[in-house]
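So this block is model-v7.cif, mmCIF, C-alpha atoms (C1' of nucleotides):
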data_query
loop_
_atom_site.group_PDB
_atom_site.id
_atom_site.type_symbol
_atom_site.label_atom_id
_atom_site.label_comp_id
_atom_site.auth_asym_id
_atom_site.auth_seq_id
_atom_site.Cartn_x
_atom_site.Cartn_y
_atom_site.Cartn_z
ATOM 1 C CA MET A 1 12.103 119.674 -23.820
ATOM 2 C CA SER A 2 15.219 119.201 -21.750
ATOM 3 C CA ASP A 3 13.387 120.885 -18.893
ATOM 4 C CA VAL A 4 10.678 118.254 -18.878
ATOM 5 C CA PHE A 5 13.052 115.290 -18.980
ATOM 6 C CA ALA A 6 15.297 116.868 -16.365
ATOM 7 C CA ALA A 7 12.298 117.513 -14.133
ATOM 8 C CA LEU A 8 11.223 113.898 -14.463
ATOM 9 C CA ALA A 9 14.717 112.581 -13.801
ATOM 10 C CA ASP A 10 14.372 113.149 -10.070
ATOM 11 C CA GLU A 11 12.632 110.622 -7.852
ATOM 12 C CA THR A 12 11.368 113.265 -5.428
ATOM 13 C CA ARG A 13 9.783 115.237 -8.232
ATOM 14 C CA ARG A 14 8.113 112.150 -9.675
ATOM 15 C CA ALA A 15 6.786 111.426 -6.192
ATOM 16 C CA LEU A 16 5.378 114.954 -6.039
ATOM 17 C CA LEU A 17 3.610 114.431 -9.348
ATOM 18 C CA ASP A 18 2.244 111.169 -7.994
ATOM 19 C CA ARG A 19 0.888 112.940 -4.958
ATOM 20 C CA LEU A 20 -0.768 115.523 -7.167
ATOM 21 C CA PHE A 21 -2.147 112.703 -9.266
ATOM 22 C CA ASN A 22 -3.807 111.279 -6.185
ATOM 23 C CA LYS A 23 -4.976 114.657 -4.936
ATOM 24 C CA ASN A 24 -4.774 117.620 -7.203
ATOM 25 C CA GLY A 25 -4.483 121.200 -5.974
ATOM 26 C CA GLN A 26 -2.282 120.809 -2.923
ATOM 27 C CA SER A 27 -0.330 123.554 -1.211
ATOM 28 C CA LEU A 28 3.401 123.528 -0.631
ATOM 29 C CA THR A 29 2.968 122.725 3.063
ATOM 30 C CA GLU A 30 0.607 119.887 2.249
ATOM 31 C CA LEU A 31 3.000 118.446 -0.324
ATOM 32 C CA HIS A 32 5.881 118.868 2.079
ATOM 33 C CA HIS A 33 4.123 116.787 4.702
ATOM 34 C CA GLY A 34 5.849 113.448 5.274
ATOM 35 C CA LEU A 35 8.833 114.155 3.040
ATOM 36 C CA ALA A 36 12.253 113.863 4.633
ATOM 37 C CA MET A 37 13.555 117.218 3.517
ATOM 38 C CA SER A 38 13.030 120.867 4.274
ATOM 39 C CA ARG A 39 10.074 122.843 2.992
ATOM 40 C CA GLN A 40 12.428 124.937 0.886
ATOM 41 C CA ALA A 41 13.814 121.861 -0.805
ATOM 42 C CA VAL A 42 10.283 120.866 -1.768
ATOM 43 C CA ALA A 43 9.592 124.408 -2.939
ATOM 44 C CA LYS A 44 12.604 124.196 -5.223
ATOM 45 C CA HIS A 45 11.429 120.913 -6.664
ATOM 46 C CA LEU A 46 7.984 122.344 -7.269
ATOM 47 C CA HIS A 47 9.478 125.359 -8.955
ATOM 48 C CA ILE A 48 11.380 123.080 -11.301
ATOM 49 C CA LEU A 49 8.160 121.241 -12.111
ATOM 50 C CA GLU A 50 6.483 124.605 -12.649
ATOM 51 C CA THR A 51 9.237 125.756 -14.997
ATOM 52 C CA ALA A 52 8.891 122.524 -16.956
ATOM 53 C CA ASN A 53 5.178 123.338 -17.137
ATOM 54 C CA LEU A 54 4.326 120.022 -15.522
ATOM 55 C CA VAL A 55 2.650 121.837 -12.660
ATOM 56 C CA SER A 56 0.559 124.995 -12.723
ATOM 57 C CA VAL A 57 -0.253 127.047 -9.688
ATOM 58 C CA HIS A 58 -3.143 129.078 -8.438
ATOM 59 C CA TRP A 59 -2.879 131.429 -5.525
ATOM 60 C CA GLN A 60 -5.670 131.262 -3.025
ATOM 61 C CA GLY A 61 -5.063 133.726 -0.263
ATOM 62 C CA ARG A 62 -1.794 132.839 1.331
ATOM 63 C CA GLU A 63 -1.813 129.377 -0.145
ATOM 64 C CA LYS A 64 -0.265 128.411 -3.448
ATOM 65 C CA LEU A 65 -2.157 125.476 -4.829
ATOM 66 C CA HIS A 66 -0.410 123.134 -7.261
ATOM 67 C CA TYR A 67 -2.142 121.428 -10.149
ATOM 68 C CA LEU A 68 -0.878 118.704 -12.394
ATOM 69 C CA ASN A 69 -0.503 119.657 -16.039
ATOM 70 C CA PRO A 70 -0.217 116.528 -18.194
ATOM 71 C CA VAL A 71 0.276 118.407 -21.468
ATOM 72 C CA PRO A 72 4.095 118.276 -21.574
ATOM 73 C CA LEU A 73 3.956 114.537 -20.982
ATOM 74 C CA GLY A 74 1.752 114.170 -24.016
ATOM 75 C CA ASP A 75 4.109 116.368 -25.973
ATOM 76 C CA ILE A 76 7.033 114.155 -25.075
ATOM 77 C CA VAL A 77 5.228 111.087 -26.239
ATOM 78 C CA HIS A 78 3.919 112.568 -29.444
ATOM 79 C CA ARG A 79 6.857 114.724 -30.450
ATOM 80 C CA TRP A 80 9.724 112.537 -29.340
ATOM 81 C CA VAL A 81 9.177 109.109 -27.883
ATOM 82 C CA GLY A 82 6.510 108.269 -30.412
ATOM 83 C CA LYS A 83 8.965 108.536 -33.251
ATOM 84 C CA PHE A 84 11.040 105.772 -31.729
ATOM 85 C CA GLU A 85 8.016 103.810 -30.673
ATOM 86 C CA GLU A 86 6.788 103.703 -34.251
ATOM 87 C CA VAL A 87 9.669 101.511 -35.247
ATOM 88 C CA ARG A 88 9.625 99.517 -32.068
ATOM 89 C CA ILE A 89 8.583 96.180 -33.435
ATOM 90 C CA GLU A 90 10.721 96.530 -36.522
ATOM 91 C CA ALA A 91 13.662 97.760 -34.501
ATOM 92 C CA LEU A 92 13.332 94.938 -32.042
ATOM 93 C CA SER A 93 13.595 92.257 -34.648
ATOM 94 C CA ASP A 94 16.288 94.167 -36.507
ATOM 95 C CA PHE A 95 18.165 94.578 -33.298
ATOM 96 C CA LYS A 96 17.954 90.974 -32.249
ATOM 97 C CA GLN A 97 19.014 89.932 -35.700
ATOM 98 C CA GLN A 98 21.979 92.248 -35.752
ATOM 99 C CA MET A 99 23.097 91.202 -32.334
ATOM 100 C CA GLU A 100 22.769 87.511 -32.862
ATOM 101 C CA SER A 101 23.746 86.946 -36.437
ATOM 102 C CA ALA A 102 26.717 89.276 -36.302
ATOM 103 C CA SER A 103 29.628 88.446 -38.559
ATOM 104 C CA ASN A 104 31.707 86.636 -35.988
ATOM 105 C CA PRO A 105 29.782 85.267 -32.998
ATOM 106 C CA SER A 106 32.932 84.709 -30.977
ATOM 107 C CA LYS A 107 33.730 88.416 -31.030
ATOM 108 C CA ASN A 108 30.385 89.302 -29.603
ATOM 109 C CA SER A 109 31.732 91.042 -26.505
ATOM 110 C CA LYS A 110 34.650 93.238 -25.647
ATOM 111 C CA PRO A 111 37.776 92.406 -27.657
ATOM 112 C CA GLN A 112 40.499 91.214 -25.389
ATOM 113 C CA GLU A 113 40.459 92.340 -21.818
ATOM 114 C CA LYS A 114 42.463 95.488 -21.918
ATOM 115 C CA ARG A 115 44.465 95.107 -18.777
ATOM 116 C CA HIS A 116 45.564 98.562 -17.829
ATOM 117 C CA ALA A 117 48.839 97.898 -16.090
ATOM 118 C CA ARG A 118 49.427 101.527 -15.335
ATOM 119 C CA LYS A 119 51.572 100.608 -12.363
ATOM 120 C CA MET B 1 13.720 104.853 -14.387
ATOM 121 C CA SER B 2 15.648 107.887 -13.270
ATOM 122 C CA ASP B 3 18.496 106.728 -15.478
ATOM 123 C CA VAL B 4 16.333 106.859 -18.573
ATOM 124 C CA PHE B 5 14.915 110.306 -17.863
ATOM 125 C CA ALA B 6 18.328 111.627 -16.894
ATOM 126 C CA ALA B 7 19.821 110.226 -20.082
ATOM 127 C CA LEU B 8 17.109 111.897 -22.137
ATOM 128 C CA ALA B 9 17.494 115.206 -20.322
ATOM 129 C CA ASP B 10 20.625 116.059 -22.292
ATOM 130 C CA GLU B 11 20.387 117.603 -25.744
ATOM 131 C CA THR B 12 23.611 115.975 -26.939
ATOM 132 C CA ARG B 13 22.369 112.539 -25.952
ATOM 133 C CA ARG B 14 19.030 113.061 -27.677
ATOM 134 C CA ALA B 15 20.969 114.126 -30.756
ATOM 135 C CA LEU B 16 22.983 110.910 -30.547
ATOM 136 C CA LEU B 17 19.779 108.877 -30.381
ATOM 137 C CA ASP B 18 18.516 110.810 -33.394
ATOM 138 C CA ARG B 19 21.652 109.961 -35.307
ATOM 139 C CA LEU B 20 21.232 106.305 -34.432
ATOM 140 C CA PHE B 21 17.608 106.557 -35.485
ATOM 141 C CA ASN B 22 18.729 107.737 -38.904
ATOM 142 C CA LYS B 23 21.538 105.201 -39.146
ATOM 143 C CA ASN B 24 21.695 102.387 -36.666
ATOM 144 C CA GLY B 25 24.911 100.610 -35.699
ATOM 145 C CA GLN B 26 27.436 103.437 -35.763
ATOM 146 C CA SER B 27 30.827 103.427 -34.104
ATOM 147 C CA LEU B 28 32.007 105.967 -31.551
ATOM 148 C CA THR B 29 34.206 107.704 -34.111
ATOM 149 C CA GLU B 30 31.354 107.875 -36.582
ATOM 150 C CA LEU B 31 29.002 109.316 -33.980
ATOM 151 C CA HIS B 32 31.661 111.754 -32.857
ATOM 152 C CA HIS B 33 32.004 113.117 -36.361
ATOM 153 C CA GLY B 34 30.713 116.682 -36.617
ATOM 154 C CA LEU B 35 30.059 117.153 -32.932
ATOM 155 C CA ALA B 36 31.766 120.081 -31.240
ATOM 156 C CA MET B 37 33.276 118.153 -28.377
ATOM 157 C CA SER B 38 36.017 115.637 -27.763
ATOM 158 C CA ARG B 39 35.690 111.975 -28.619
ATOM 159 C CA GLN B 40 35.859 111.136 -24.931
ATOM 160 C CA ALA B 41 32.948 113.417 -24.162
ATOM 161 C CA VAL B 42 30.879 111.556 -26.755
ATOM 162 C CA ALA B 43 32.056 108.241 -25.318
ATOM 163 C CA LYS B 44 30.797 109.323 -21.909
ATOM 164 C CA HIS B 45 27.427 110.286 -23.308
ATOM 165 C CA LEU B 46 27.166 106.956 -25.086
ATOM 166 C CA HIS B 47 28.054 105.150 -21.906
ATOM 167 C CA ILE B 48 25.242 106.949 -20.098
ATOM 168 C CA LEU B 49 22.829 105.912 -22.848
ATOM 169 C CA GLU B 50 24.169 102.377 -22.559
ATOM 170 C CA THR B 51 23.644 102.354 -18.785
ATOM 171 C CA ALA B 52 20.091 103.580 -19.291
ATOM 172 C CA ASN B 53 19.685 100.685 -21.702
ATOM 173 C CA LEU B 54 18.709 103.063 -24.482
ATOM 174 C CA VAL B 55 21.666 101.917 -26.540
ATOM 175 C CA SER B 56 23.164 98.444 -26.897
ATOM 176 C CA VAL B 57 26.576 97.746 -28.298
ATOM 177 C CA HIS B 58 28.209 95.091 -30.374
ATOM 178 C CA TRP B 59 31.944 94.792 -30.770
ATOM 179 C CA GLN B 60 33.150 94.169 -34.265
ATOM 180 C CA GLY B 61 36.895 93.964 -34.302
ATOM 181 C CA ARG B 62 38.232 97.203 -32.939
ATOM 182 C CA GLU B 63 34.959 98.984 -33.529
ATOM 183 C CA LYS B 64 32.164 99.284 -31.003
ATOM 184 C CA LEU B 65 28.904 99.570 -32.873
ATOM 185 C CA HIS B 66 25.960 101.277 -31.181
ATOM 186 C CA TYR B 67 22.357 100.243 -31.668
ATOM 187 C CA LEU B 68 19.217 102.005 -30.589
ATOM 188 C CA ASN B 69 17.108 100.155 -28.038
ATOM 189 C CA PRO B 70 13.611 101.632 -27.914
ATOM 190 C CA VAL B 71 12.355 99.372 -25.123
ATOM 191 C CA PRO B 72 12.963 101.776 -22.206
ATOM 192 C CA LEU B 73 11.099 104.486 -24.093
ATOM 193 C CA GLY B 74 8.118 102.201 -24.336
ATOM 194 C CA ASP B 75 8.423 101.435 -20.654
ATOM 195 C CA ILE B 76 8.313 105.110 -19.819
ATOM 196 C CA VAL B 77 5.194 105.612 -21.837
ATOM 197 C CA HIS B 78 3.396 102.563 -20.542
ATOM 198 C CA ARG B 79 4.510 102.530 -16.947
ATOM 199 C CA TRP B 80 4.571 106.232 -16.218
ATOM 200 C CA VAL B 81 3.412 108.735 -18.765
ATOM 201 C CA GLY B 82 0.415 106.639 -19.726
ATOM 202 C CA LYS B 83 -1.043 106.897 -16.270
ATOM 203 C CA PHE B 84 -1.175 110.650 -16.557
ATOM 204 C CA GLU B 85 -2.201 110.547 -20.158
ATOM 205 C CA GLU B 86 -5.227 108.485 -19.267
ATOM 206 C CA VAL B 87 -6.734 111.378 -17.416
ATOM 207 C CA ARG B 88 -5.551 113.953 -19.855
ATOM 208 C CA ILE B 89 -8.865 115.093 -21.222
ATOM 209 C CA GLU B 90 -10.523 114.987 -17.844
ATOM 210 C CA ALA B 91 -7.608 116.717 -16.215
ATOM 211 C CA LEU B 92 -7.542 119.387 -18.869
ATOM 212 C CA SER B 93 -11.131 120.371 -18.320
ATOM 213 C CA ASP B 94 -10.780 120.022 -14.564
ATOM 214 C CA PHE B 95 -7.730 122.149 -14.678
ATOM 215 C CA LYS B 96 -9.227 124.879 -16.783
ATOM 216 C CA GLN B 97 -12.259 124.904 -14.569
ATOM 217 C CA GLN B 98 -10.268 125.117 -11.395
ATOM 218 C CA MET B 99 -8.101 127.858 -12.761
ATOM 219 C CA GLU B 100 -10.899 129.963 -14.128
ATOM 220 C CA SER B 101 -13.728 129.531 -11.699
ATOM 221 C CA ALA B 102 -11.563 129.837 -8.626
ATOM 222 C CA SER B 103 -13.188 131.298 -5.556
ATOM 223 C CA ASN B 104 -12.004 134.840 -6.090
ATOM 224 C CA PRO B 105 -10.989 135.705 -9.663
ATOM 225 C CA SER B 106 -9.170 138.845 -8.580
ATOM 226 C CA LYS B 107 -6.744 136.783 -6.540
ATOM 227 C CA ASN B 108 -5.776 134.691 -9.469
ATOM 228 C CA SER B 109 -2.092 135.540 -9.418
ATOM 229 C CA LYS B 110 0.562 136.168 -6.843
ATOM 230 C CA PRO B 111 -0.800 137.912 -3.753
ATOM 231 C CA GLN B 112 0.813 141.265 -3.422
ATOM 232 C CA GLU B 113 4.202 141.761 -4.935
ATOM 233 C CA LYS B 114 6.452 140.908 -2.102
ATOM 234 C CA ARG B 115 9.020 143.595 -2.480
ATOM 235 C CA HIS B 116 12.052 142.351 -0.687
ATOM 236 C CA ALA B 117 13.498 145.623 0.530
ATOM 237 C CA ARG B 118 16.420 143.877 2.129
ATOM 238 C CA LYS B 119 18.526 146.990 1.777
ATOM 239 C "C1'" DT C 1 -3.709 144.734 15.904
ATOM 240 C "C1'" DT C 2 -1.244 140.920 16.820
ATOM 241 C "C1'" DG C 3 0.224 136.286 16.458
ATOM 242 C "C1'" DA C 4 0.498 132.225 13.775
ATOM 243 C "C1'" DC C 5 0.915 130.297 9.486
ATOM 244 C "C1'" DA C 6 2.269 130.039 4.306
ATOM 245 C "C1'" DT C 7 5.480 131.308 1.298
ATOM 246 C "C1'" DG C 8 9.692 133.551 -0.927
ATOM 247 C "C1'" DC C 9 14.492 135.059 -1.328
ATOM 248 C "C1'" DA C 10 19.448 134.642 -0.583
ATOM 249 C "C1'" DA C 11 23.677 132.742 0.856
ATOM 250 C "C1'" DC C 12 26.007 128.870 1.512
ATOM 251 C "C1'" DC C 13 27.729 123.794 0.930
ATOM 252 C "C1'" DA C 14 28.636 119.040 -0.834
ATOM 253 C "C1'" DA C 15 28.017 115.965 -4.525
ATOM 254 C "C1'" DT C 16 27.371 115.215 -9.275
ATOM 255 C "C1'" DT C 17 27.972 116.288 -14.098
ATOM 256 C "C1'" DA C 18 29.968 117.593 -18.504
ATOM 257 C "C1'" DG C 19 33.782 118.596 -20.304
ATOM 258 C "C1'" DT C 20 38.962 118.492 -20.922
ATOM 259 C "C1'" DT C 21 43.831 116.319 -21.626
ATOM 260 C "C1'" DG C 22 47.186 112.609 -21.508
ATOM 261 C "C1'" DC C 23 48.307 108.216 -22.147
ATOM 262 C "C1'" DA C 24 47.631 102.968 -22.612
ATOM 263 C "C1'" DT C 25 45.878 99.025 -25.104
ATOM 264 C "C1'" DA C 26 43.721 96.425 -29.294
ATOM 265 C "C1'" DT C 27 43.086 95.560 -33.922
ATOM 266 C "C1'" DA C 28 43.802 96.053 -38.998
ATOM 267 C "C1'" DG C 29 46.571 96.257 -42.792
ATOM 268 C "C1'" DA C 30 50.698 97.382 -45.578
ATOM 269 C "C1'" DT D 1 56.386 93.612 -37.656
ATOM 270 C "C1'" DC D 2 55.272 98.433 -37.683
ATOM 271 C "C1'" DT D 3 52.149 102.059 -38.008
ATOM 272 C "C1'" DA D 4 47.696 104.069 -38.135
ATOM 273 C "C1'" DT D 5 43.190 103.806 -36.268
ATOM 274 C "C1'" DA D 6 39.611 102.785 -32.548
ATOM 275 C "C1'" DT D 7 38.759 102.661 -28.058
ATOM 276 C "C1'" DG D 8 39.351 102.846 -22.836
ATOM 277 C "C1'" DC D 9 40.916 104.626 -18.331
ATOM 278 C "C1'" DA D 10 42.273 108.236 -15.047
ATOM 279 C "C1'" DA D 11 42.957 112.715 -13.262
ATOM 280 C "C1'" DC D 12 41.562 117.189 -13.293
ATOM 281 C "C1'" DT D 13 38.239 121.390 -13.593
ATOM 282 C "C1'" DA D 14 34.143 124.358 -13.931
ATOM 283 C "C1'" DA D 15 29.322 124.497 -13.707
ATOM 284 C "C1'" DT D 16 25.088 122.608 -12.061
ATOM 285 C "C1'" DT D 17 22.257 120.359 -8.647
ATOM 286 C "C1'" DG D 18 20.020 119.167 -4.342
ATOM 287 C "C1'" DG D 19 20.102 120.249 -0.105
ATOM 288 C "C1'" DT D 20 20.587 123.362 4.107
ATOM 289 C "C1'" DT D 21 19.668 127.620 7.260
ATOM 290 C "C1'" DG D 22 18.146 132.330 8.283
ATOM 291 C "C1'" DC D 23 15.160 135.743 7.727
ATOM 292 C "C1'" DA D 24 11.530 138.802 5.327
ATOM 293 C "C1'" DT D 25 6.914 139.402 3.631
ATOM 294 C "C1'" DG D 26 1.893 138.446 3.033
ATOM 295 C "C1'" DT D 27 -2.548 136.699 4.854
ATOM 296 C "C1'" DC D 28 -5.896 134.841 8.184
ATOM 297 C "C1'" DA D 29 -8.291 134.864 12.470
ATOM 298 C "C1'" DA D 30 -8.879 135.830 17.310
#

Please go through the file and, once you have read it, give me the structure as structure tokens.
Amino acid sequence: MSDVFAALADETRRALLDRLFNKNGQSLTELHHGLAMSRQAVAKHLHILETANLVSVHWQGREKLHYLNPVPLGDIVHRWVGKFEEVRIEALSDFKQQMESASNPSKNSKPQEKRHARK
Amino acid sequence: MSDVFAALADETRRALLDRLFNKNGQSLTELHHGLAMSRQAVAKHLHILETANLVSVHWQGREKLHYLNPVPLGDIVHRWVGKFEEVRIEALSDFKQQMESASNPSKNSKPQEKRHARK
DNA sequence: TTGACATGCAACCAATTAGTTGCATATAGA
DNA sequence: TCTATATGCAACTAATTGGTTGCATGTCAA
């Protein structure tokens, strides 16, 4: 679970998934093309995606082809995000209500500026 | 976007969101209770959740109450995961097909063990 | 068989992260 | 007004991360 979120937390890795979305089954060299980093850096990113099970590979001769695996994304939604989504509408109104009609409107931000005169 | 995924990539932070799911509007001290780390560590985690907009706060006297904000989760689903989910069924069959009916079944894993005899 | 190409492994480095401790400031209440 | 409670800020540290370079191995094709 952490693996999937951590894998998705990196812009480069999301870009790689996007590229696979547009053209599935690309090799490392192909995916590396146009990216401003070394091939090894890309290989590392792909390995992280592989470990998170977001990408599966298939060796074809000397080429390692990468395929998108959307299953973990579905898992995230259904096993984790969905839970919070379920109460989205309710939570939104609750939230707004709590924020706005709080006991004392004038205290609605930080207390008094805590000036840290650590001089 | 990265902020949200990065925030969710940590088990402690997901646990904090879970606790807020069960009881919304808790203070730092309350959320810290029972966790095996310092109060400041928890404060840092909460700040990360706040930055990712997953948690909103409301000051009440000397207490800082934390509220779950499910909006970014919805954004993730709709703006990112959904795209891949859309093709899930298709991709699944595609994927299976590609994996199984690949040109040469006997080459379906790593080439030859590359024994790195770097001795 | 011999290059050229595709990939992997390992060592290294800088920046970030997750945690700590110490102390300062704000508020509540006796 | 004094004390306990709630929080914040800063400095420090160890581990992780994202990147590099160098080189070894495996495969294809002339």

So what do you get for atom CA of A:Val4 versus atom CA of B:Tyr67, distance-wise? 25.0 Å

Applying 12 Å and only C-alpha atoms (C1' of nucleotides), which residues near D:DA30 remain after dropping the ones on its own chain fewer than 5 positions away? List them as a PyMOL selection string. chain C and resi 1-4

Using only C-alpha atoms, the best pick from A:Ala36, A:His58, A:Ala41, A:Trp80 as closest to chain B would be A:His58

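Closest to chain A among B:Arg79, B:Asp18, B:Trp59, B:Thr51 is B:Trp59, based on all atoms listed in the file.
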
Hey, what comes out of the PyMOL selection byres ((chain D) within 8 of (chain B)) on this file? Could you write it as a CSV table (one decimal) with C-alpha atoms (C1' of nucleotides), in the frame of the given file?
chain,number,residue,atom,x,y,z
D,6,DA,C1',39.6,102.8,-32.5
D,7,DT,C1',38.8,102.7,-28.1
D,24,DA,C1',11.5,138.8,5.3
D,25,DT,C1',6.9,139.4,3.6
D,26,DG,C1',1.9,138.4,3.0

What does the distance from atom CA of B:Leu16 to atom CA of B:Val42 come to in Å, to one decimal?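 Going from atom CA of B:Leu16 over to atom CA of B:Val42, I get 8.8 Å.
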
I need the output of the PyMOL selection byres ((chain C) within 8 of (chain B)) for this file as a PDB file with C-alpha atoms (C1' of nucleotides), keeping the file's coordinate frame; which residues are they?
ATOM      1  C1'  DC C   9      14.492 135.059  -1.328  1.00  0.00           C
ATOM      2  C1'  DA C  18      29.968 117.593 -18.504  1.00  0.00           C
ATOM      3  C1'  DG C  19      33.782 118.596 -20.304  1.00  0.00           C
ATOM      4  C1'  DT C  20      38.962 118.492 -20.922  1.00  0.00           C
ATOM      5  C1'  DA C  26      43.721  96.425 -29.294  1.00  0.00           C
ATOM      6  C1'  DT C  27      43.086  95.560 -33.922  1.00  0.00           C
TER       7       DT C  27
END

Please indicate the distance in Å from atom CA of B:Pro70 to atom CA of A:Phe84, rounded to one decimal place.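 These atoms are spaced 6.2 Å apart.
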
I'd like to know which of A:Leu35, A:Leu65, A:Val55, A:Ala9 is closest to chain B, using only C-alpha atoms.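 The answer is A:Ala9, which sits nearest to chain B.
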
Residue nearest D:DT21 - candidates C:DC23, C:DA28, C:DC13, C:DA6, atoms counted: all atoms listed in the file: C:DC13

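Closest approach to B:His47 among B:Asp75, B:Glu11, B:His66, B:Asn24 is made by B:His66 (distances from all atoms listed in the file).
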
Polymer residues at most 9 Å from B:Ile48, only C-alpha atoms (C1' of nucleotides), same-chain spacing of 4 or more positions, as a count of residues only: 10

Counting only C-alpha atoms (C1' of nucleotides), find residues at most 7 Å from (23.6, 119.0, 2.3) (file frame) and give them as a compact mmCIF listing (two decimals) with C-alpha atoms (C1' of nucleotides), keeping the file's coordinate frame.
# COMPACT_ATOMS: atom_id res chain seq x y z
C1' DC C 13 27.73 123.79 0.93
C1' DA C 14 28.64 119.04 -0.83
C1' DG D 19 20.10 120.25 -0.10
C1' DT D 20 20.59 123.36 4.11

B:Leu20, B:Leu31, B:Leu46, B:Leu73: which is nearest chain A, counting only C-alpha atoms?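 Of B:Leu20, B:Leu31, B:Leu46, B:Leu73, the one nearest chain A is B:Leu73, counting only C-alpha atoms.
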